[in-house]
Amino acid sequence: SSSGTSSRDPFVTDEARTSYEDIVSYNNFYELGLSKSEPAQNAGRLRLRPWAIACEGEVKKPEVIDLDTLLRWFPLEERVYRMRCVEAWSMVIPWLGFPLGALLRRLEPTSRARYVQFTTLLDREQLPGQRSDVLEWPYVEGLRIDEAMHPLTMLAVGLYGKSLLGQNGAPVRLVVPWKYGFKGCKSIVSIKLTERQPATSWSRAAPDEYGFYANVNPAVDHPRWSQATERRIGELRRRPTLPFNGYAEEVAGLYSGMDLRESF
Amino acid sequence: MRAPARTISPPRAAGAGVPAGRKLGWLPPAVVAGGLIPLVVLGLRAGAGALGPDPVAEALNQLGLLALVLLVASLAATPLKLVSGWTFPLRIRKALGLLAFFYACAHFLTYAIVDQGLDVRAIVEDITERPFLLAGFVALLVLVPLAATSTARMLKRLGAARWKRLHRLAYAAAVLGIVHFFLRVKKDATEPMIYAALLALLFAVRIASAVLHRRAAPR
């Protein structure tokens, strides 16, 4: 392309970034509290080091990897992604992290590996919200392996150039920009490759409301509210929600032949 | 043509409207003034940009919650009187009900003007397609005739029996308001369930009292 009209870079959107203050004070992380503000208040309970991730399941090289070791293996990149919450609000967040695919390739998945399951730390002292039974703990999320290997999918350890804070899922979390925010498993202690589709937390809690795929889709409403529009934090008026959160060009192909109303 | 004035059957009918007597005349205006304080606080916070990262959601949540709390409070007046014998709740019932209607309107207008930018088509579509919005909107509509007939003159005009029957709709509005709230929360339904339990309790007191009355009545 000759002119700069198609400056579209899926890895770094040029949309206005949400303020750091808002990103670290408006959070859904039930393990640290049910309101939007509680996670920031309780985040200090999380002990962020030492931190290890058990990389296990259908891989040739299972290993418990210390997070600092992991950070030496993979160079950090800044990715500026839209983040769309299932509650119909959104942010633009400059994440710092590395592609999940790089780690998975290093683990050498076996031929039976078809899904990747992520698990949050289970510790009632550090994550006091786990004393309540709003969800079954620990929090579990999952991706199909091709989704997990997609270059947009990343493990984030920071934002705005700083280390992640507890309320944002420190020290390491999943970011899948074309899916609703709840797919982004926080404070991850296990990455397990599996043959079967993992039973993920929200789809187990309310299967008719939250599907396994949870791709951002303005045409498929949550049974009780619309997904057609969203409010970008920092703005007053709603804006239309884009299919796959604006990443359709990159990821729609992963779902060709699938009925996304059925597999929502 | 005006309908002939009906005779209002005392003494119970008096309890349906504004109880006679001049005692505690300062109470209703004080309740109205106190009930408007949260609005002032909300306005000041909005003006100072202190409503948090999602100020529209915060304002909507606050106004909606105030409407529901005040509506339930107004419905508590009669049961409270039945249980305690106090008459002051009946004197402030109307003020509470009107405040509830006022906050319900403010809640809806914030949604229609700020959230939806007065896009009438979008609003109609939204309300007709989302059960949770429909419940809230119908609750507001139900409150309109109640607010419109809240004056002593309208009570007289309708007749106490009809007025009472009409104003029982306040229970329907409260149920719809709670359904609206319940459908909105993602997982933790504790708060709407508290209001539902409270409303059920108030209703139970009325039923129990009616049953006891019937039993105690001379044959």
# chains A, B, ... in the order shown; residues from 1 in each chain; ligands from 1
call {"tool": "select_by_dssp", "arguments": {"residues": "region 3-121 of chain A", "states": "strand (DSSP E)", "output": "VMD selection string"}}
result
chain A and resid 52 to 57 63 to 66 77 to 84 89 to 99 115 to 120
call {"tool": "select_by_dssp", "arguments": {"residues": "region 40-114 of chain A", "states": "helix (DSSP H, G or I)", "output": "list in words"}}
result
Ala40, Gln41, Asn42, Ala43, Gly44, Arg45, Leu67, Asp68, Thr69, Leu70, Leu71, Arg72, Trp73, Leu100, Gly101, Ala102, Leu103, Leu104, Arg105, Arg106 and Leu107 of chain A
call {"tool": "closest_residue", "arguments": {"among": "A:Leu143, A:Leu260, A:Leu104, A:Leu135", "to": "chain B", "atoms": "only C-alpha atoms"}}
result
A:Leu135
call {"tool": "interface_residues", "arguments": {"of": "chain B", "to": "chain A", "cutoff": "10 Å", "atoms": "only C-alpha atoms", "output": "PyMOL selection string"}}
result
chain B and resi 52-57+113-117+126+129-133+183-189
call {"tool": "atom_distance", "arguments": {"atom1": "CA of Pro128 (chain A)", "atom2": "CA of Asn42 (chain A)"}}
result
8.2 Å
call {"tool": "closest_residue", "arguments": {"among": "B:Val142, B:Pro89, B:Ser84, B:Val120", "to": "Cys105 (chain B)", "atoms": "only C-alpha atoms"}}
result
B:Val142
call {"tool": "residues_around", "arguments": {"residues": "Tyr81 (chain A)", "least_positions_apart": "3", "cutoff": "10 Å", "atoms": "only C-alpha atoms", "output": "CSV table (one decimal) with all heavy atoms, in the first residue's frame"}}
result
chain,number,residue,atom,x,y,z
A,10,PRO,N,-2.4,-4.8,14.0
A,10,PRO,CA,-3.2,-5.5,15.0
A,10,PRO,C,-2.5,-5.6,16.4
A,10,PRO,O,-3.2,-5.7,17.4
A,10,PRO,CB,-3.5,-6.9,14.4
A,10,PRO,CG,-2.4,-7.1,13.4
A,10,PRO,CD,-2.1,-5.7,12.9
A,11,PHE,N,-1.2,-5.5,16.4
A,11,PHE,CA,-0.5,-5.7,17.6
A,11,PHE,C,-0.4,-4.4,18.4
A,11,PHE,O,-0.2,-4.4,19.6
A,11,PHE,CB,0.9,-6.2,17.4
A,11,PHE,CG,0.9,-7.6,16.8
A,11,PHE,CD1,1.2,-7.8,15.4
A,11,PHE,CD2,0.7,-8.7,17.6
A,11,PHE,CE1,1.2,-9.0,14.9
A,11,PHE,CE2,0.6,-9.9,17.0
A,11,PHE,CZ,0.9,-10.1,15.7
A,12,VAL,N,-0.6,-3.2,17.7
A,12,VAL,CA,-0.5,-1.9,18.4
A,12,VAL,C,-1.6,-1.1,17.8
A,12,VAL,O,-1.4,-0.4,16.8
A,12,VAL,CB,0.9,-1.3,18.3
A,12,VAL,CG1,0.9,0.1,19.0
A,12,VAL,CG2,2.0,-2.2,18.8
A,13,THR,N,-2.7,-1.0,18.5
A,13,THR,CA,-3.8,-0.2,18.0
A,13,THR,C,-3.4,1.3,18.3
A,13,THR,O,-2.7,1.6,19.3
A,13,THR,CB,-5.2,-0.5,18.7
A,13,THR,OG1,-6.1,0.5,18.2
A,13,THR,CG2,-5.1,-0.4,20.2
A,14,ASP,N,-3.8,2.2,17.3
A,14,ASP,CA,-3.5,3.6,17.6
A,14,ASP,C,-4.7,4.3,18.3
A,14,ASP,O,-4.7,5.5,18.4
A,14,ASP,CB,-3.2,4.3,16.3
A,14,ASP,CG,-4.2,4.1,15.2
A,14,ASP,OD1,-5.3,3.6,15.6
A,14,ASP,OD2,-4.0,4.5,14.0
A,15,GLU,N,-5.6,3.6,18.8
A,15,GLU,CA,-6.7,4.2,19.6
A,15,GLU,C,-6.2,4.7,20.9
A,15,GLU,O,-5.2,4.2,21.4
A,15,GLU,CB,-7.8,3.1,19.8
A,15,GLU,CG,-8.6,2.8,18.6
A,15,GLU,CD,-9.6,1.7,18.9
A,15,GLU,OE1,-10.5,1.9,19.6
A,15,GLU,OE2,-9.4,0.6,18.3
A,17,ARG,N,-5.3,5.4,24.5
A,17,ARG,CA,-5.1,4.4,25.6
A,17,ARG,C,-5.9,4.8,26.8
A,17,ARG,O,-5.9,6.0,27.1
A,17,ARG,CB,-3.6,4.3,25.9
A,17,ARG,CG,-2.8,3.8,24.7
A,17,ARG,CD,-1.3,4.0,24.9
A,17,ARG,NE,-0.6,3.7,23.7
A,17,ARG,CZ,0.6,3.3,23.5
A,17,ARG,NH1,1.4,3.2,24.6
A,17,ARG,NH2,1.1,3.0,22.4
A,78,GLU,N,5.8,-4.8,23.7
A,78,GLU,CA,4.6,-4.0,24.1
A,78,GLU,C,3.5,-4.2,23.0
A,78,GLU,O,3.8,-4.1,21.8
A,78,GLU,CB,4.9,-2.5,24.2
A,78,GLU,CG,3.6,-1.7,24.6
A,78,GLU,CD,3.9,-0.4,25.1
A,78,GLU,OE1,4.1,0.6,24.3
A,78,GLU,OE2,3.9,-0.2,26.4
A,84,ARG,N,-12.3,-6.0,25.9
A,84,ARG,CA,-13.7,-5.9,25.9
A,84,ARG,C,-14.2,-6.8,27.0
A,84,ARG,O,-14.1,-8.0,26.9
A,84,ARG,CB,-14.3,-6.2,24.6
A,84,ARG,CG,-15.9,-6.4,24.5
A,84,ARG,CD,-16.6,-5.1,24.8
A,84,ARG,NE,-17.9,-5.1,24.2
A,84,ARG,CZ,-19.0,-5.7,24.7
A,84,ARG,NH1,-18.9,-6.4,25.8
A,84,ARG,NH2,-20.2,-5.6,24.1
A,91,MET,N,-11.6,-1.1,27.4
A,91,MET,CA,-10.4,-0.3,27.6
A,91,MET,C,-9.4,-0.5,26.5
A,91,MET,O,-9.6,-1.4,25.7
A,91,MET,CB,-9.7,-0.7,28.9
A,91,MET,CG,-10.5,-0.5,30.2
A,91,MET,SD,-9.4,-0.9,31.6
A,91,MET,CE,-10.5,-0.4,33.0
A,92,VAL,N,-8.4,0.3,26.4
A,92,VAL,CA,-7.3,0.1,25.5
A,92,VAL,C,-6.1,0.0,26.4
A,92,VAL,O,-5.8,1.0,27.1
A,92,VAL,CB,-7.1,1.2,24.4
A,92,VAL,CG1,-5.9,1.0,23.6
A,92,VAL,CG2,-8.4,1.3,23.5
A,93,ILE,N,-5.4,-1.1,26.4
A,93,ILE,CA,-4.3,-1.4,27.4
A,93,ILE,C,-3.0,-1.7,26.7
A,93,ILE,O,-2.9,-2.6,25.9
A,93,ILE,CB,-4.7,-2.5,28.3
A,93,ILE,CG1,-6.1,-2.3,28.9
A,93,ILE,CG2,-3.6,-2.8,29.3
A,93,ILE,CD1,-6.6,-3.4,29.8
A,94,PRO,N,-1.9,-0.9,27.0
A,94,PRO,CA,-0.6,-1.3,26.5
A,94,PRO,C,0.0,-2.3,27.4
A,94,PRO,O,0.6,-2.0,28.5
A,94,PRO,CB,0.2,0.1,26.6
A,94,PRO,CG,-0.6,0.9,27.6
A,94,PRO,CD,-1.9,0.3,27.8
A,95,TRP,N,-0.1,-3.6,27.0
A,95,TRP,CA,0.4,-4.7,27.7
A,95,TRP,C,1.9,-4.9,27.5
A,95,TRP,O,2.4,-4.5,26.4
A,95,TRP,CB,-0.2,-6.0,27.3
A,95,TRP,CG,-1.7,-6.1,27.6
A,95,TRP,CD1,-2.7,-6.1,26.6
A,95,TRP,CD2,-2.4,-6.3,28.8
A,95,TRP,NE1,-3.9,-6.2,27.2
A,95,TRP,CE2,-3.8,-6.3,28.6
A,95,TRP,CE3,-1.9,-6.4,30.2
A,95,TRP,CZ2,-4.7,-6.5,29.6
A,95,TRP,CZ3,-2.9,-6.5,31.2
A,95,TRP,CH2,-4.2,-6.6,30.9
A,152,LEU,N,-1.5,-13.3,18.3
A,152,LEU,CA,-2.1,-12.2,19.1
A,152,LEU,C,-2.2,-12.6,20.6
A,152,LEU,O,-2.3,-11.8,21.5
A,152,LEU,CB,-3.5,-11.9,18.6
A,152,LEU,CG,-3.7,-11.0,17.4
A,152,LEU,CD1,-5.1,-10.9,16.9
A,152,LEU,CD2,-3.2,-9.5,17.7
A,175,VAL,N,-3.7,-12.9,27.9
A,175,VAL,CA,-4.4,-11.8,27.2
A,175,VAL,C,-4.8,-12.4,25.9
A,175,VAL,O,-4.0,-12.8,25.1
A,175,VAL,CB,-3.6,-10.6,27.1
A,175,VAL,CG1,-4.3,-9.5,26.3
A,175,VAL,CG2,-3.2,-10.0,28.5
A,176,VAL,N,-6.1,-12.4,25.6
A,176,VAL,CA,-6.6,-12.9,24.3
A,176,VAL,C,-7.6,-11.8,23.8
A,176,VAL,O,-8.8,-11.8,24.1
A,176,VAL,CB,-7.4,-14.2,24.5
A,176,VAL,CG1,-7.6,-14.9,23.1
A,176,VAL,CG2,-6.7,-15.2,25.4
A,177,PRO,N,-7.1,-10.9,22.9
A,177,PRO,CA,-7.8,-9.6,22.7
A,177,PRO,C,-9.1,-9.7,22.0
A,177,PRO,O,-9.9,-8.8,22.1
A,177,PRO,CB,-6.8,-8.8,21.9
A,177,PRO,CG,-5.9,-9.8,21.3
A,177,PRO,CD,-5.8,-10.9,22.2
A,178,TRP,N,-9.3,-10.9,21.3
A,178,TRP,CA,-10.6,-11.0,20.6
A,178,TRP,C,-11.7,-11.7,21.4
A,178,TRP,O,-12.8,-11.9,20.9
A,178,TRP,CB,-10.4,-11.7,19.2
A,178,TRP,CG,-10.1,-13.2,19.3
A,178,TRP,CD1,-11.0,-14.2,19.2
A,178,TRP,CD2,-8.8,-13.8,19.4
A,178,TRP,NE1,-10.4,-15.4,19.3
A,178,TRP,CE2,-9.0,-15.2,19.4
A,178,TRP,CE3,-7.5,-13.3,19.5
A,178,TRP,CZ2,-8.0,-16.1,19.5
A,178,TRP,CZ3,-6.5,-14.2,19.6
A,178,TRP,CH2,-6.7,-15.6,19.6
A,245,ASN,N,-13.9,-8.2,18.5
A,245,ASN,CA,-13.3,-7.0,19.1
A,245,ASN,C,-12.4,-6.3,18.2
A,245,ASN,O,-11.5,-5.6,18.6
A,245,ASN,CB,-12.6,-7.4,20.4
A,245,ASN,CG,-12.4,-6.3,21.4
A,245,ASN,OD1,-13.1,-5.3,21.3
A,245,ASN,ND2,-11.4,-6.4,22.2
A,246,GLY,N,-12.7,-6.3,16.9
A,246,GLY,CA,-11.9,-5.6,15.9
A,246,GLY,C,-10.8,-6.4,15.3
A,246,GLY,O,-10.0,-5.9,14.5
A,247,TYR,N,-10.6,-7.7,15.7
A,247,TYR,CA,-9.5,-8.5,15.3
A,247,TYR,C,-10.0,-9.6,14.3
A,247,TYR,O,-9.3,-10.6,14.1
A,247,TYR,CB,-8.8,-9.2,16.5
A,247,TYR,CG,-8.2,-8.1,17.4
A,247,TYR,CD1,-8.9,-7.7,18.5
A,247,TYR,CD2,-7.0,-7.5,17.2
A,247,TYR,CE1,-8.4,-6.7,19.4
A,247,TYR,CE2,-6.4,-6.6,18.0
A,247,TYR,CZ,-7.2,-6.2,19.1
A,247,TYR,OH,-6.6,-5.2,19.9
call {"tool": "residues_around", "arguments": {"residues": "region 62-76 of chain B", "least_positions_apart": "4", "cutoff": "9 Å", "atoms": "only C-alpha atoms", "output": "ChimeraX atom specification"}}
result
/B:35,38-39,42,57-58,80-81,89-90,92-108,110,170-171,173-174,177-178,181,195,198-199,202-203
call {"tool": "decode", "arguments": {"residues": "region 52-88 of chain A", "atoms": "N, CA, C and O atoms", "output": "compact mmCIF listing (two decimals), in the first residue's frame"}}
result
# COMPACT_ATOMS: atom_id res chain seq x y z
N ALA A 52 6.12 -19.64 40.32
CA ALA A 52 6.44 -20.68 39.35
C ALA A 52 5.17 -21.09 38.61
O ALA A 52 4.07 -21.01 39.15
N ILE A 53 5.34 -21.49 37.37
CA ILE A 53 4.22 -21.98 36.58
C ILE A 53 4.48 -23.43 36.22
O ILE A 53 5.52 -23.74 35.62
N ALA A 54 3.53 -24.30 36.58
CA ALA A 54 3.66 -25.70 36.21
C ALA A 54 3.19 -25.85 34.76
O ALA A 54 2.02 -25.61 34.46
N CYS A 55 4.12 -26.21 33.88
CA CYS A 55 3.76 -26.42 32.47
C CYS A 55 3.65 -27.92 32.29
O CYS A 55 4.65 -28.65 32.40
N GLU A 56 2.44 -28.41 32.07
CA GLU A 56 2.21 -29.85 32.23
C GLU A 56 1.22 -30.40 31.21
O GLU A 56 0.80 -29.69 30.31
N GLY A 57 0.86 -31.65 31.37
CA GLY A 57 -0.11 -32.28 30.50
C GLY A 57 0.53 -32.87 29.26
O GLY A 57 1.63 -33.45 29.33
N GLU A 58 -0.14 -32.70 28.14
CA GLU A 58 0.28 -33.32 26.89
C GLU A 58 1.46 -32.58 26.25
O GLU A 58 1.33 -31.98 25.18
N VAL A 59 2.60 -32.59 26.94
CA VAL A 59 3.81 -31.97 26.39
C VAL A 59 4.98 -32.95 26.56
O VAL A 59 4.99 -33.75 27.48
N LYS A 60 5.94 -32.85 25.65
CA LYS A 60 7.10 -33.75 25.75
C LYS A 60 8.05 -33.29 26.84
O LYS A 60 8.82 -34.08 27.37
N LYS A 61 8.01 -31.98 27.16
CA LYS A 61 8.95 -31.46 28.16
C LYS A 61 8.20 -30.76 29.29
O LYS A 61 8.28 -29.53 29.41
N PRO A 62 7.48 -31.51 30.12
CA PRO A 62 6.80 -30.86 31.24
C PRO A 62 7.84 -30.28 32.20
O PRO A 62 8.92 -30.86 32.37
N GLU A 63 7.50 -29.15 32.81
CA GLU A 63 8.49 -28.49 33.65
C GLU A 63 7.80 -27.45 34.51
O GLU A 63 6.87 -26.78 34.06
N VAL A 64 8.26 -27.34 35.76
CA VAL A 64 7.81 -26.23 36.60
C VAL A 64 8.82 -25.11 36.40
O VAL A 64 9.99 -25.26 36.72
N ILE A 65 8.36 -24.02 35.83
CA ILE A 65 9.29 -22.97 35.42
C ILE A 65 9.13 -21.75 36.29
O ILE A 65 8.02 -21.23 36.46
N ASP A 66 10.24 -21.30 36.85
CA ASP A 66 10.22 -20.07 37.63
C ASP A 66 9.94 -18.89 36.69
O ASP A 66 10.45 -18.84 35.58
N LEU A 67 9.13 -17.95 37.15
CA LEU A 67 8.73 -16.85 36.27
C LEU A 67 9.93 -16.05 35.79
O LEU A 67 9.99 -15.63 34.62
N ASP A 68 10.91 -15.83 36.65
CA ASP A 68 12.08 -15.05 36.23
C ASP A 68 12.89 -15.78 35.16
O ASP A 68 13.47 -15.15 34.28
N THR A 69 12.91 -17.10 35.24
CA THR A 69 13.55 -17.89 34.18
C THR A 69 12.81 -17.68 32.86
O THR A 69 13.42 -17.44 31.82
N LEU A 70 11.49 -17.75 32.97
CA LEU A 70 10.65 -17.57 31.78
C LEU A 70 10.93 -16.21 31.13
O LEU A 70 11.02 -16.09 29.91
N LEU A 71 11.08 -15.20 31.98
CA LEU A 71 11.29 -13.84 31.46
C LEU A 71 12.67 -13.71 30.80
O LEU A 71 12.88 -12.83 29.97
N ARG A 72 13.61 -14.59 31.18
CA ARG A 72 14.90 -14.56 30.50
C ARG A 72 14.82 -15.22 29.12
O ARG A 72 15.56 -14.88 28.22
N TRP A 73 13.91 -16.18 29.00
CA TRP A 73 13.81 -16.90 27.73
C TRP A 73 13.19 -16.05 26.62
O TRP A 73 13.56 -16.15 25.47
N PHE A 74 12.17 -15.28 27.00
CA PHE A 74 11.39 -14.59 25.95
C PHE A 74 11.49 -13.08 26.12
O PHE A 74 11.18 -12.55 27.18
N PRO A 75 11.91 -12.39 25.05
CA PRO A 75 11.98 -10.93 25.13
C PRO A 75 10.58 -10.33 25.27
O PRO A 75 9.62 -10.82 24.68
N LEU A 76 10.47 -9.28 26.07
CA LEU A 76 9.17 -8.65 26.28
C LEU A 76 8.82 -7.69 25.13
O LEU A 76 9.69 -6.99 24.63
N GLU A 77 7.56 -7.73 24.74
CA GLU A 77 7.08 -6.83 23.68
C GLU A 77 5.94 -6.00 24.24
O GLU A 77 5.19 -6.47 25.07
N GLU A 78 5.78 -4.78 23.71
CA GLU A 78 4.60 -4.01 24.07
C GLU A 78 3.51 -4.25 23.03
O GLU A 78 3.75 -4.14 21.82
N ARG A 79 2.33 -4.61 23.50
CA ARG A 79 1.18 -4.82 22.62
C ARG A 79 0.06 -3.93 23.12
O ARG A 79 -0.31 -4.04 24.30
N VAL A 80 -0.48 -3.09 22.26
CA VAL A 80 -1.58 -2.22 22.68
C VAL A 80 -2.88 -2.82 22.14
O VAL A 80 -3.15 -2.76 20.94
N TYR A 81 -3.65 -3.43 23.04
CA TYR A 81 -4.85 -4.17 22.66
C TYR A 81 -6.10 -3.50 23.22
O TYR A 81 -6.08 -2.95 24.31
N ARG A 82 -7.20 -3.67 22.46
CA ARG A 82 -8.50 -3.38 23.04
C ARG A 82 -8.86 -4.52 23.99
O ARG A 82 -8.52 -5.68 23.72
N MET A 83 -9.52 -4.18 25.08
CA MET A 83 -9.98 -5.20 26.02
C MET A 83 -11.48 -4.99 26.21
O MET A 83 -11.90 -3.92 26.63
N ARG A 84 -12.26 -6.01 25.86
CA ARG A 84 -13.72 -5.87 25.93
C ARG A 84 -14.24 -6.81 27.02
O ARG A 84 -14.09 -8.03 26.93
N CYS A 85 -14.84 -6.22 28.04
CA CYS A 85 -15.42 -7.02 29.12
C CYS A 85 -16.80 -7.50 28.70
O CYS A 85 -17.52 -6.83 27.97
N VAL A 86 -17.19 -8.67 29.20
CA VAL A 86 -18.51 -9.23 28.90
C VAL A 86 -19.62 -8.34 29.47
O VAL A 86 -20.77 -8.42 29.07
N GLU A 87 -19.25 -7.45 30.40
CA GLU A 87 -20.22 -6.51 30.97
C GLU A 87 -20.43 -5.28 30.10
O GLU A 87 -21.04 -4.31 30.54
N ALA A 88 -19.91 -5.29 28.88
CA ALA A 88 -20.14 -4.22 27.90
C ALA A 88 -19.40 -2.92 28.20
O ALA A 88 -19.87 -1.84 27.87
